[in-house]
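> Data: entry.tsv, TSV, C-alpha atoms.
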chain	number	residue	atom	x	y	z
E	1	MET	CA	-37.26	27.06	30.22
E	2	GLN	CA	-37.36	25.21	33.53
E	3	ASP	CA	-34.16	23.67	34.81
E	4	LEU	CA	-34.23	19.87	34.41
E	5	LYS	CA	-33.50	19.61	38.15
E	6	GLU	CA	-36.99	20.94	38.82
E	7	PHE	CA	-38.29	17.64	37.44
E	8	ILE	CA	-36.34	15.55	39.96
E	9	ARG	CA	-38.18	14.71	43.17
E	10	ASP	CA	-36.36	14.10	46.44
E	11	ILE	CA	-37.71	11.08	48.34
E	12	PRO	CA	-36.34	11.07	51.91
E	13	ASP	CA	-35.43	7.76	53.55
E	14	TRP	CA	-35.81	5.62	50.43
E	15	PRO	CA	-34.89	2.86	49.80
E	16	LYS	CA	-33.71	3.09	53.41
E	17	GLU	CA	-33.39	5.55	56.27
E	18	GLY	CA	-30.90	8.33	55.75
E	19	ILE	CA	-30.87	8.09	51.94
E	20	ILE	CA	-32.45	10.86	49.87
E	21	PHE	CA	-33.52	9.18	46.63
E	22	LYS	CA	-33.59	11.22	43.44
E	23	ASP	CA	-36.83	10.23	41.70
E	24	ILE	CA	-36.69	10.74	37.92
E	25	THR	CA	-40.35	9.83	37.22
E	26	PRO	CA	-41.49	13.50	37.07
E	27	LEU	CA	-38.84	14.13	34.40
E	28	LEU	CA	-40.01	11.08	32.42
E	29	LYS	CA	-43.69	11.97	32.52
E	30	SER	CA	-43.31	15.54	31.21
E	31	ARG	CA	-43.08	15.52	27.42
E	32	GLU	CA	-40.90	18.64	27.53
E	33	SER	CA	-38.33	17.44	30.05
E	34	PHE	CA	-38.17	13.89	28.67
E	35	ALA	CA	-37.57	15.11	25.11
E	36	ARG	CA	-35.07	17.71	26.30
E	37	ALA	CA	-33.10	15.14	28.31
E	38	ILE	CA	-32.87	12.73	25.37
E	39	ASP	CA	-32.08	15.48	22.86
E	40	THR	CA	-29.31	16.91	25.03
E	41	LEU	CA	-27.67	13.51	25.57
E	42	ALA	CA	-27.97	12.76	21.84
E	43	ALA	CA	-26.45	16.11	20.90
E	44	HIS	CA	-23.41	15.49	23.10
E	45	PHE	CA	-22.67	12.15	21.42
E	46	GLY	CA	-24.09	13.00	17.99
E	47	ASP	CA	-20.68	13.17	16.29
E	48	GLU	CA	-19.51	9.82	17.65
E	49	ASN	CA	-21.11	7.65	14.95
E	50	VAL	CA	-22.70	5.50	17.63
E	51	ASP	CA	-23.70	2.01	16.43
E	52	LEU	CA	-25.30	0.71	19.60
E	53	VAL	CA	-26.64	2.07	22.86
E	54	LEU	CA	-26.25	-0.24	25.85
E	55	GLY	CA	-28.46	0.26	28.92
E	56	ALA	CA	-29.09	-1.80	32.04
E	57	GLU	CA	-32.47	-2.71	33.47
E	58	ALA	CA	-34.67	-1.18	34.55
E	59	ARG	CA	-34.44	2.63	34.35
E	60	GLY	CA	-31.54	2.44	31.89
E	61	PHE	CA	-33.94	0.77	29.45
E	62	ILE	CA	-36.21	3.83	29.34
E	63	ILE	CA	-33.43	6.33	28.68
E	64	GLY	CA	-31.48	3.91	26.51
E	65	GLY	CA	-34.41	2.91	24.32
E	66	ALA	CA	-35.28	6.54	23.62
E	67	LEU	CA	-31.66	7.53	23.06
E	68	ALA	CA	-31.02	4.62	20.68
E	69	TYR	CA	-34.10	5.62	18.70
E	70	LYS	CA	-33.02	9.26	18.58
E	71	LEU	CA	-29.47	8.38	17.47
E	72	GLY	CA	-30.73	5.88	14.88
E	73	CYS	CA	-28.92	3.03	16.69
E	74	GLY	CA	-29.67	-0.43	17.90
E	75	PHE	CA	-30.24	-1.05	21.61
E	76	ILE	CA	-28.47	-3.67	23.74
E	77	PRO	CA	-30.04	-4.67	27.07
E	78	ALA	CA	-27.73	-5.48	29.98
E	79	ARG	CA	-29.69	-7.57	32.45
E	80	LYS	CA	-29.58	-9.16	35.87
E	81	PRO	CA	-28.35	-12.78	35.85
E	82	GLY	CA	-30.68	-15.34	34.30
E	83	LYS	CA	-32.93	-12.88	32.48
E	84	LEU	CA	-31.49	-13.11	28.97
E	85	PRO	CA	-32.52	-16.18	26.99
E	86	TRP	CA	-29.45	-16.82	24.83
E	87	GLU	CA	-25.70	-17.27	25.58
E	88	THR	CA	-24.36	-14.49	27.76
E	89	THR	CA	-21.19	-13.05	29.16
E	90	SER	CA	-21.24	-11.35	32.55
E	91	ALA	CA	-19.37	-8.77	34.61
E	92	GLU	CA	-19.46	-8.39	38.38
E	93	TYR	CA	-19.77	-5.17	40.34
E	94	GLU	CA	-19.60	-4.41	44.02
E	95	LEU	CA	-22.55	-3.66	46.25
E	96	GLU	CA	-22.42	-2.21	49.73
E	97	TYR	CA	-22.38	-5.81	50.95
E	98	GLY	CA	-21.28	-8.40	48.41
E	99	THR	CA	-21.40	-8.37	44.63
E	100	ASP	CA	-23.93	-8.57	41.83
E	101	SER	CA	-23.51	-8.93	38.09
E	102	LEU	CA	-24.88	-7.85	34.74
E	103	GLU	CA	-25.14	-9.96	31.60
E	104	VAL	CA	-25.32	-9.26	27.89
E	105	HIS	CA	-25.85	-11.64	25.00
E	106	LYS	CA	-22.57	-12.81	23.48
E	107	ASP	CA	-23.76	-11.83	20.00
E	108	SER	CA	-25.01	-8.42	21.09
E	109	ILE	CA	-21.94	-6.37	20.16
E	110	PHE	CA	-20.06	-6.88	16.94
E	111	PRO	CA	-16.26	-6.34	16.96
E	112	GLY	CA	-15.44	-2.69	16.40
E	113	ALA	CA	-18.96	-1.50	17.27
E	114	ARG	CA	-19.05	2.03	18.66
E	115	VAL	CA	-21.12	1.72	21.83
E	116	LEU	CA	-22.66	4.40	24.02
E	117	VAL	CA	-23.32	3.17	27.57
E	118	VAL	CA	-26.24	4.87	29.30
E	119	ASP	CA	-27.89	4.86	32.70
E	120	ASP	CA	-29.98	7.12	34.89
E	121	VAL	CA	-27.59	7.79	37.77
E	122	LEU	CA	-23.82	7.81	38.16
E	123	ALA	CA	-23.18	6.89	41.80
E	124	THR	CA	-20.04	4.87	42.61
E	125	GLY	CA	-19.52	4.01	38.93
E	126	GLY	CA	-19.52	0.28	39.65
E	127	THR	CA	-22.29	-0.74	37.28
E	128	ALA	CA	-21.15	1.62	34.51
E	129	SER	CA	-17.67	0.18	34.79
E	130	ALA	CA	-19.12	-3.35	34.51
E	131	LYS	CA	-21.06	-2.35	31.41
E	132	ALA	CA	-17.97	-0.84	29.78
E	133	LYS	CA	-16.08	-4.04	30.54
E	134	LEU	CA	-18.77	-6.12	28.85
E	135	VAL	CA	-18.60	-3.96	25.73
E	136	GLU	CA	-14.83	-4.22	25.55
E	137	GLU	CA	-14.79	-7.95	26.24
E	138	LEU	CA	-16.98	-8.42	23.16
E	139	GLY	CA	-14.65	-6.28	21.03
E	140	GLY	CA	-16.69	-3.07	21.05
E	141	LYS	CA	-15.40	0.44	21.69
E	142	VAL	CA	-17.02	2.54	24.45
E	143	VAL	CA	-17.42	5.96	22.84
E	144	GLY	CA	-19.03	7.47	25.91
E	145	ILE	CA	-21.00	6.95	29.10
E	146	ALA	CA	-24.14	9.04	29.50
E	147	PHE	CA	-26.19	9.69	32.64
E	148	LEU	CA	-29.19	11.77	33.54
E	149	MET	CA	-27.51	12.69	36.81
E	150	GLU	CA	-24.32	12.35	38.75
E	151	LEU	CA	-23.89	12.17	42.53
E	152	THR	CA	-20.51	13.88	42.63
E	153	PHE	CA	-19.78	13.12	46.31
E	154	LEU	CA	-19.50	9.42	45.43
E	155	ALA	CA	-16.71	10.17	42.93
E	156	GLY	CA	-17.94	7.64	40.37
E	157	ARG	CA	-16.30	9.70	37.64
E	158	ASP	CA	-12.86	8.77	38.99
E	159	ARG	CA	-13.65	5.12	38.44
E	160	LEU	CA	-14.54	5.84	34.82
E	161	ALA	CA	-11.33	7.75	34.00
E	162	GLY	CA	-10.44	7.51	30.31
E	163	TYR	CA	-14.06	7.53	29.13
E	164	ASP	CA	-16.12	10.47	27.89
E	165	VAL	CA	-18.52	10.69	30.85
E	166	TYR	CA	-21.41	13.10	30.44
E	167	SER	CA	-24.25	13.82	32.90
E	168	LEU	CA	-27.14	16.21	32.46
E	169	MET	CA	-27.32	17.11	36.14
E	170	SER	CA	-24.92	17.06	39.07
E	171	TYR	CA	-25.65	16.84	42.78
J	1	MET	CA	-37.04	-4.89	3.25
J	2	GLN	CA	-36.71	-7.83	5.61
J	3	ASP	CA	-39.79	-8.94	7.48
J	4	LEU	CA	-39.60	-7.93	11.14
J	5	LYS	CA	-40.14	-11.57	12.07
J	6	GLU	CA	-36.68	-12.34	10.71
J	7	PHE	CA	-35.32	-10.37	13.67
J	8	ILE	CA	-37.08	-12.57	16.24
J	9	ARG	CA	-35.07	-15.52	17.51
J	10	ASP	CA	-36.72	-18.71	18.74
J	11	ILE	CA	-35.18	-20.03	21.96
J	12	PRO	CA	-36.38	-23.58	22.63
J	13	ASP	CA	-37.09	-24.68	26.20
J	14	TRP	CA	-36.76	-21.23	27.77
J	15	PRO	CA	-37.58	-20.18	30.44
J	16	LYS	CA	-38.62	-23.83	30.86
J	17	GLU	CA	-38.93	-27.06	28.92
J	18	GLY	CA	-41.54	-27.11	26.21
J	19	ILE	CA	-41.73	-23.32	25.81
J	20	ILE	CA	-40.35	-21.69	22.66
J	21	PHE	CA	-39.36	-18.18	23.73
J	22	LYS	CA	-39.50	-15.37	21.19
J	23	ASP	CA	-36.31	-13.37	21.74
J	24	ILE	CA	-36.63	-9.74	20.61
J	25	THR	CA	-32.99	-8.77	21.23
J	26	PRO	CA	-31.98	-9.20	17.54
J	27	LEU	CA	-34.77	-6.77	16.60
J	28	LEU	CA	-33.57	-4.26	19.20
J	29	LYS	CA	-29.93	-4.38	18.18
J	30	SER	CA	-30.50	-3.70	14.47
J	31	ARG	CA	-30.90	0.02	13.87
J	32	GLU	CA	-33.19	-0.68	10.90
J	33	SER	CA	-35.60	-3.06	12.62
J	34	PHE	CA	-35.67	-1.11	15.89
J	35	ALA	CA	-36.48	2.17	14.12
J	36	ARG	CA	-39.03	0.47	11.89
J	37	ALA	CA	-40.80	-1.16	14.83
J	38	ILE	CA	-41.08	2.13	16.73
J	39	ASP	CA	-42.07	4.12	13.63
J	40	THR	CA	-44.80	1.64	12.70
J	41	LEU	CA	-46.28	1.62	16.21
J	42	ALA	CA	-46.13	5.42	16.32
J	43	ALA	CA	-47.81	5.73	12.93
J	44	HIS	CA	-50.73	3.55	14.05
J	45	PHE	CA	-51.42	5.74	17.09
J	46	GLY	CA	-50.18	9.04	15.64
J	47	ASP	CA	-53.67	10.56	15.34
J	48	GLU	CA	-54.65	9.73	18.91
J	49	ASN	CA	-53.10	12.82	20.53
J	50	VAL	CA	-51.31	10.59	23.01
J	51	ASP	CA	-50.23	12.39	26.21
J	52	LEU	CA	-48.45	9.54	27.93
J	53	VAL	CA	-47.00	6.16	27.08
J	54	LEU	CA	-47.17	3.58	29.88
J	55	GLY	CA	-44.85	0.57	29.80
J	56	ALA	CA	-44.01	-2.14	32.32
J	57	GLU	CA	-40.55	-3.27	33.30
J	58	ALA	CA	-38.35	-4.50	31.88
J	59	ARG	CA	-38.72	-4.96	28.09
J	60	GLY	CA	-41.73	-2.61	28.00
J	61	PHE	CA	-39.38	0.15	29.14
J	62	ILE	CA	-37.24	-0.16	26.00
J	63	ILE	CA	-40.13	-0.04	23.55
J	64	GLY	CA	-42.09	2.42	25.68
J	65	GLY	CA	-39.21	4.87	26.15
J	66	ALA	CA	-38.51	4.98	22.43
J	67	LEU	CA	-42.19	5.23	21.52
J	68	ALA	CA	-42.83	8.04	24.01
J	69	TYR	CA	-39.88	9.95	22.57
J	70	LYS	CA	-41.10	9.40	19.01
J	71	LEU	CA	-44.65	10.52	19.85
J	72	GLY	CA	-43.42	13.53	21.84
J	73	CYS	CA	-45.04	12.16	25.01
J	74	GLY	CA	-44.12	11.58	28.59
J	75	PHE	CA	-43.35	8.05	29.80
J	76	ILE	CA	-44.93	6.32	32.82
J	77	PRO	CA	-43.17	3.28	34.27
J	78	ALA	CA	-45.32	0.46	35.66
J	79	ARG	CA	-43.17	-1.56	38.04
J	80	LYS	CA	-43.09	-4.65	40.19
J	81	PRO	CA	-44.19	-4.08	43.80
J	82	GLY	CA	-41.84	-2.03	45.96
J	83	LYS	CA	-39.75	-0.57	43.15
J	84	LEU	CA	-41.34	2.88	42.84
J	85	PRO	CA	-40.29	5.37	45.51
J	86	TRP	CA	-43.43	7.50	45.92
J	87	GLU	CA	-47.11	6.70	46.64
J	88	THR	CA	-48.45	4.02	44.33
J	89	THR	CA	-51.62	2.29	43.27
J	90	SER	CA	-51.48	-1.33	42.15
J	91	ALA	CA	-53.35	-3.87	40.03
J	92	GLU	CA	-53.12	-7.64	40.29
J	93	TYR	CA	-52.84	-10.08	37.44
J	94	GLU	CA	-52.90	-13.85	37.31
J	95	LEU	CA	-49.87	-16.07	36.82
J	96	GLU	CA	-49.91	-19.75	35.98
J	97	TYR	CA	-49.77	-20.34	39.73
J	98	GLY	CA	-50.87	-17.44	41.92
J	99	THR	CA	-50.91	-13.72	41.24
J	100	ASP	CA	-48.49	-10.84	40.85
J	101	SER	CA	-49.06	-7.11	40.61
J	102	LEU	CA	-47.88	-3.94	38.92
J	103	GLU	CA	-47.67	-0.48	40.47
J	104	VAL	CA	-47.68	3.07	39.15
J	105	HIS	CA	-47.19	6.33	40.99
J	106	LYS	CA	-50.50	7.90	42.03
J	107	ASP	CA	-49.50	11.20	40.44
J	108	SER	CA	-48.33	9.62	37.19
J	109	ILE	CA	-51.50	10.05	35.15
J	110	PHE	CA	-53.52	13.25	35.21
J	111	PRO	CA	-57.32	13.00	34.85
J	112	GLY	CA	-58.30	12.92	31.20
J	113	ALA	CA	-54.79	11.99	30.02
J	114	ARG	CA	-54.77	10.02	26.76
J	115	VAL	CA	-52.55	7.04	27.50
J	116	LEU	CA	-51.01	4.48	25.15
J	117	VAL	CA	-50.15	1.21	26.93
J	118	VAL	CA	-47.23	-0.67	25.41
J	119	ASP	CA	-45.44	-3.97	25.91
J	120	ASP	CA	-43.33	-6.42	23.96
J	121	VAL	CA	-45.62	-9.46	23.89
J	122	LEU	CA	-49.38	-9.98	24.10
J	123	ALA	CA	-49.81	-13.43	25.64
J	124	THR	CA	-52.83	-14.00	27.91
J	125	GLY	CA	-53.49	-10.25	28.16
J	126	GLY	CA	-53.30	-10.34	31.95
J	127	THR	CA	-50.61	-7.73	32.45
J	128	ALA	CA	-51.97	-5.44	29.71
J	129	SER	CA	-55.36	-5.60	31.33
J	130	ALA	CA	-53.80	-4.69	34.70
J	131	LYS	CA	-52.03	-1.72	33.10
J	132	ALA	CA	-55.24	-0.49	31.48
J	133	LYS	CA	-56.99	-0.78	34.85
J	134	LEU	CA	-54.29	1.35	36.50
J	135	VAL	CA	-54.67	4.05	33.85
J	136	GLU	CA	-58.45	4.13	34.25
J	137	GLU	CA	-58.32	4.07	38.04
J	138	LEU	CA	-56.26	7.27	37.90
J	139	GLY	CA	-58.74	8.93	35.54
J	140	GLY	CA	-56.84	8.44	32.28
J	141	LYS	CA	-58.22	7.16	29.00
J	142	VAL	CA	-56.56	4.16	27.32
J	143	VAL	CA	-56.35	5.19	23.65
J	144	GLY	CA	-54.67	1.96	22.62
J	145	ILE	CA	-52.55	-1.02	23.56
J	146	ALA	CA	-49.46	-1.64	21.43
J	147	PHE	CA	-47.30	-4.77	21.23
J	148	LEU	CA	-44.35	-5.89	19.20
J	149	MET	CA	-45.91	-9.33	18.90
J	150	GLU	CA	-49.02	-11.30	19.71
J	151	LEU	CA	-49.27	-15.01	20.53
J	152	THR	CA	-52.71	-15.52	19.02
J	153	PHE	CA	-53.24	-19.06	20.41
J	154	LEU	CA	-53.41	-17.56	23.91
J	155	ALA	CA	-56.35	-15.33	22.88
J	156	GLY	CA	-55.13	-12.33	24.89
J	157	ARG	CA	-56.97	-10.06	22.49
J	158	ASP	CA	-60.32	-11.36	23.78
J	159	ARG	CA	-59.43	-10.18	27.24
J	160	LEU	CA	-58.71	-6.69	25.88
J	161	ALA	CA	-62.02	-6.32	24.03
J	162	GLY	CA	-63.06	-2.68	23.68
J	163	TYR	CA	-59.50	-1.40	23.30
J	164	ASP	CA	-57.60	-0.60	20.11
J	165	VAL	CA	-55.09	-3.46	20.28
J	166	TYR	CA	-52.30	-3.34	17.72
J	167	SER	CA	-49.38	-5.79	17.29
J	168	LEU	CA	-46.60	-5.64	14.73
J	169	MET	CA	-46.29	-9.43	14.45
J	170	SER	CA	-48.58	-12.38	15.09
J	171	TYR	CA	-47.67	-15.99	15.87
Rewrite the structure from the file as structure tokens, please.


Amino acid sequence: MQDLKEFIRDIPDWPKEGIIFKDITPLLKSRESFARAIDTLAAHFGDENVDLVLGAEARGFIIGGALAYKLGCGFIPARKPGKLPWETTSAEYELEYGTDSLEVHKDSIFPGARVLVVDDVLATGGTASAKAKLVEELGGKVVGIAFLMELTFLAGRDRLAGYDVYSLMSY
Amino acid sequence: MQDLKEFIRDIPDWPKEGIIFKDITPLLKSRESFARAIDTLAAHFGDENVDLVLGAEARGFIIGGALAYKLGCGFIPARKPGKLPWETTSAEYELEYGTDSLEVHKDSIFPGARVLVVDDVLATGGTASAKAKLVEELGGKVVGIAFLMELTFLAGRDRLAGYDVYSLMSY
């Protein structure tokens, strides 16, 4: 069976010069690699009695929607400010210059809910940390944080100490 | 079993005054309604030998990711301009004032691919029509267009004549 890394395409100088972007679209479009990625993530967290999967727009919605379906869970969207229609709570995270934030609906996570946070890439860990904070603020328990890939040189894992962090691929 | 419509929340005056927004987040967060929605869509198109599911950001990614997984297909993201990292082709659609467009990677759909287009809401049919055009431009065949819900007073279905259009809920 092909290594999942063979389905990741390097895009030089994107989104800006000097960055090599890891494009996951070849992995998503192959039925074999997409199913294998979701099945492997689900297997790792299968014993955690996950109630809800939380993913952030946009790529986290693709992985998160599939993973929630596979685990027989509900899905909670974390969105950019102003995108969710009902009452929200928000958490900030740092960008290279400045800050941004993510929002979830206040009624999205019931107290005691066992929540799996998911995204495509673990870089600095800033957005994953914000998502975990949102879950905990609403009384949920973060049972794990799942990624398709991890950019180890950015040490995002250190920022997520104390959580069960699992990535399918490391670079 | 509860009607799926019981999981849709009306949000008055959002995103602007006079609009009643249909919020799908309660449907997504319930494991029963989320699984039932995906299973019902998959059952309708289960005999179509679907190769690829195409969904547009952001809510179409949640439904599309889960549906692609369920059908054992690959997933193709259609995105707002400038979001995809490789070579793209784009299709315009009309807004209330002006136009916007969606892009897909040029290598996303192989010639002859049987593609299911999916989104959360069928309103005027403009974005679904743009997605179908992208599929056909790349040599794929649109085997169906699936929605969680359809706003029948906007007559989007007329714009999609000739396609197998299927919605779980109508308003």

> Could you tell me which of E:Glu92, E:Asp39, E:Glu103, E:Glu6 comes closest to chain J if we count all atoms listed in the file?

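Going through E:Glu92, E:Asp39, E:Glu103, E:Glu6 one by one, the smallest distance to chain J is for E:Asp39.
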
> Restricting the calculation to all atoms listed in the file, which member of E:Val143, E:Leu41, E:Val53, E:Leu148 is positioned closest to Ile109 in chain E?

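The answer is E:Val53, which sits nearest to Ile109 in chain E.
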
> Determine which residues of chain E sit within 9 Å of chain J, taking into account only C-alpha atoms, and present them as a PyMOL selection string.

chain E and resi 11+14-15+21+23+25-35+38+51-53+57-70+72-77+83-86+105+107-109

> Contacts of Gly126 in chain J at 12 Å or less, counting only C-alpha atoms, minus same-chain residues fewer than 5 places along, as a list in words?

Ala91, Glu92, Tyr93, Glu94, Leu95, Glu96, Thr99, Asp100, Ser101, Leu102, Asp119, Val121, Lys131, Ala132, Lys133, Leu154, Ala155, Gly156, Arg157, Asp158, Arg159 and Leu160 of chain J

> Hey, which of J:Val50, J:Leu4, J:Leu134, J:Ala43 ends up closest to Met149 in chain J? Count only C-alpha atoms.

J:Leu4

> Do a neighbour search on Phe110 in chain J at 8 Å with all atoms listed in the file, toss out local chain neighbours closer than 3 positions, and write the hits as a list in words.

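Residues meeting the cut-off are Asp107, Ala113, Leu138, Gly139 and Gly140 of chain J.
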
> When distances are computed from all atoms listed in the file, which of J:Lys106, J:Lys5, J:Arg114, J:Lys80 shows the smallest separation from Ala37 in chain J?

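Ranked by minimum distance to Ala37 in chain J, first place goes to J:Lys5.
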
> I'd like the interatomic distance between CA of Phe147 in chain E and CA of Val118 in chain E, to a tenth of an Å.

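Value for the CA of Phe147 in chain E-CA of Val118 in chain E distance: 5.9 Å.
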
> Rank nothing, just name the residue among E:Ala78, E:Val165, E:Ala130, E:Val142 nearest to Gly112 in chain E, using only C-alpha atoms.

E:Val142

> Edge lengths and centre in Å to one decimal, as lines of an AutoDock Vina configuration file, of the axis-aligned box that encloses all listed atoms of range 64-76 of chain E with 8 Å added on every side?


center_x = -31.9
center_y = 2.8
center_z = 20.7
size_x = 22.8
size_y = 28.9
size_z = 27.6

> Any idea what the distance is between CA of Val117 in chain E and CA of Ile145 in chain E?

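These two atoms are separated by 4.7 Å.
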
> Residues around (-22.7, 12.0, 45.8), cut-off 9 Å, counting all atoms listed in the file - what are they as an MDAnalysis selection string?

chainID E and resid 122:124 150:156 170:171

> Any chance you could export the current selection's C-alpha atoms as a PDB file, in the coordinates of the input?


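Written file, again_35.pdb:
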ATOM      1  CA  LEU E 122     -23.820   7.810  38.160  1.00  0.00           C
ATOM      2  CA  ALA E 123     -23.180   6.890  41.800  1.00  0.00           C
ATOM      3  CA  THR E 124     -20.040   4.870  42.610  1.00  0.00           C
ATOM      4  CA  GLU E 150     -24.320  12.350  38.750  1.00  0.00           C
ATOM      5  CA  LEU E 151     -23.890  12.170  42.530  1.00  0.00           C
ATOM      6  CA  THR E 152     -20.510  13.880  42.630  1.00  0.00           C
ATOM      7  CA  PHE E 153     -19.780  13.120  46.310  1.00  0.00           C
ATOM      8  CA  LEU E 154     -19.500   9.420  45.430  1.00  0.00           C
ATOM      9  CA  ALA E 155     -16.710  10.170  42.930  1.00  0.00           C
ATOM     10  CA  GLY E 156     -17.940   7.640  40.370  1.00  0.00           C
ATOM     11  CA  SER E 170     -24.920  17.060  39.070  1.00  0.00           C
ATOM     12  CA  TYR E 171     -25.650  16.840  42.780  1.00  0.00           C
TER      13      TYR E 171
END

> Quick one, how far is CA of Tyr166 in chain E from CA of Glu137 in chain E?

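CA of Glu137 in chain E lies at a distance of 22.5 Å from CA of Tyr166 in chain E.
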
> Tell me which of J:Ser129, J:Val135, J:Leu116, J:Phe7 sits closest to Asn49 in chain J, counting all atoms listed in the file.

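Of J:Ser129, J:Val135, J:Leu116, J:Phe7, the one nearest Asn49 in chain J is J:Leu116, counting all atoms listed in the file.
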